[in-house]
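Undergrad: Quick one: structure below, then a few questions.
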Amino acid sequence: LNSAAAVEAGKGFRDRRHLPKYENGTAFAFLALNFIGYLLFKLIPILLALALSFAKWNFVSGISGIKPAGLKNYAALFSDSVFITSVINTIVYAVALVPVSIFLALILGVILNEYVFGKGLLRLAFYLPYISSLVAVSIVWMVLFIPAYGPINTFLMHIGIAHPPRWLNGTSTSLLSIIIVGVWQSLGYNIIIVLAGLQGISHSLYESADMDGAN
């Protein structure tokens with residue numbers, strides 16, 4: 001009996017010893033799908049685009065028409081006023097979008113975590129813009145931003161603003177319009193992140209803070 005038990009124990013030990021290998025193989029198999037997709041649709045196109053940036057090529061002429069251009073493309077790029085304007089607009093967009101979105105998400109996250117009835121429904125409502133189709137969101141906001149009879153400008157005129165902004169149709173307000181849409185769309189994701197962090201805080205810490213007189 002003792003020898004049989006020892007044999008069974010040895011088999012169980014060997015099975016447990018080999019189990020991590022099978023688990024690793026399964027994990028690598030699942031990761032391989034994502035990695036292959038990343039390789040084919042992101043990494044390789046990025047590397048090819050980087051290589052073509054140093055060449056002069058008309059794709060109609062085929063691969064044989066690729067000719068080295070050195071840094072001429074980059075010299076022309078940085079002397080292009082349209083490119084410089086787009087870089088400045090991108091920086092302004094990022095600098096305005098990230099802090100505003102995080103600040104609003106922090107405020108709304110605290111409110112949703114503590115003081116609101118129907119939290120689940122409100123979380124869904126805030127998160128829906130983030131997972132909505134970009135095409136559908138763009139169409140909705142284009143209608144909202146119509147200068148003549150859009151809902152936003154109609155409301156502004158009703159409250160006494162005779163000449164509301166032209167939003168997407170104005171050169172001075174088009175970037176602001178895009179920032180507003182970006183904040184609105186990214187707000188739900190940031191709220192979920194804030195809520196996850198707040199709900200991970202133990203209630204004992206809140207109780208200790210109350211006892212110490214913290215606000």
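Within each chain, counting starts at residue 1; across the structure tokens, chains are named A, B, ... in the order shown, with ligands numbered 1 upward in that order.
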Any idea what's packed within 9 Å of stretch 47-52 of chain A, counting only C-alpha atoms, ignoring anything in its chain fewer than 4 positions away? Could you give it as an NGL selection string?
TA: :A and (42-43 or 56-57 or 66 or 68)
Undergrad: Need the shell around A:Val140: protein/DNA/RNA residues with any atom at most 12 Å away, counting only C-alpha atoms. Skip same-chain ones fewer than 4 positions apart. Format as a list in words?
TA: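 Answer for this query is Pro129, Ser132, Ser133, Leu134, Val135, Ala136, Leu144, Phe145, Ile146, Gly150, Pro151, Ile152 and Val181 of chain A.
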Undergrad: Using atom CA of A:Ala209 and atom CA of A:Glu114 as the two end points, give the distance in Å to one decimal.
TA: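 Going from atom CA of A:Ala209 over to atom CA of A:Glu114 covers 16.0 Å.
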Undergrad: Considering only C-alpha atoms, state which residue in the set A:Leu104, A:Leu156, A:Val116, A:Val137 is at the smallest distance from A:Gly188.
TA: A:Leu104
Undergrad: Env of A:Leu195: 9 Å cut, atoms = only C-alpha atoms, seq-sep filter 6 positions within chain, self excluded. Answer as a ChimeraX atom specification.
TA: /A:106,109-110,112-113
Undergrad: Step one, run DSSP on the backbone; step two, keep only residues of stretch 17-188 of chain A assigned to helix (DSSP H, G or I); then write them as an NGL selection string.
TA: :A and (17-52 or 59-61 or 63-65 or 72-78 or 81-114 or 119-131 or 134-144 or 151-158 or 167-169 or 174-188)
Undergrad: Give me, please, the distance in Å between atom CA of A:Ser177 and atom CA of A:Ala96, quoted to one decimal.
TA: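 So the answer is 11.8 Å.
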Undergrad: Write down as a list in words the residues of stretch 5-192 of chain A whose backbone DSSP state falls under strand (DSSP E or B).
TA: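 Here is the list: Ala55, Lys56, Lys67 and Pro68 of chain A.
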Undergrad: Write out as a ChimeraX atom specification which residues come within 12 Å of A:Tyr74 when counting only C-alpha atoms, dropping same-chain ones fewer than 3 positions away.
TA: /A:50,52-56,69-71,77-80,83
Undergrad: Provide the atom CA of A:Thr90 to atom CA of A:Gly170 distance in Å, to one decimal place.
TA: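 Taking atom CA of A:Thr90 and atom CA of A:Gly170, their separation equals 17.6 Å.
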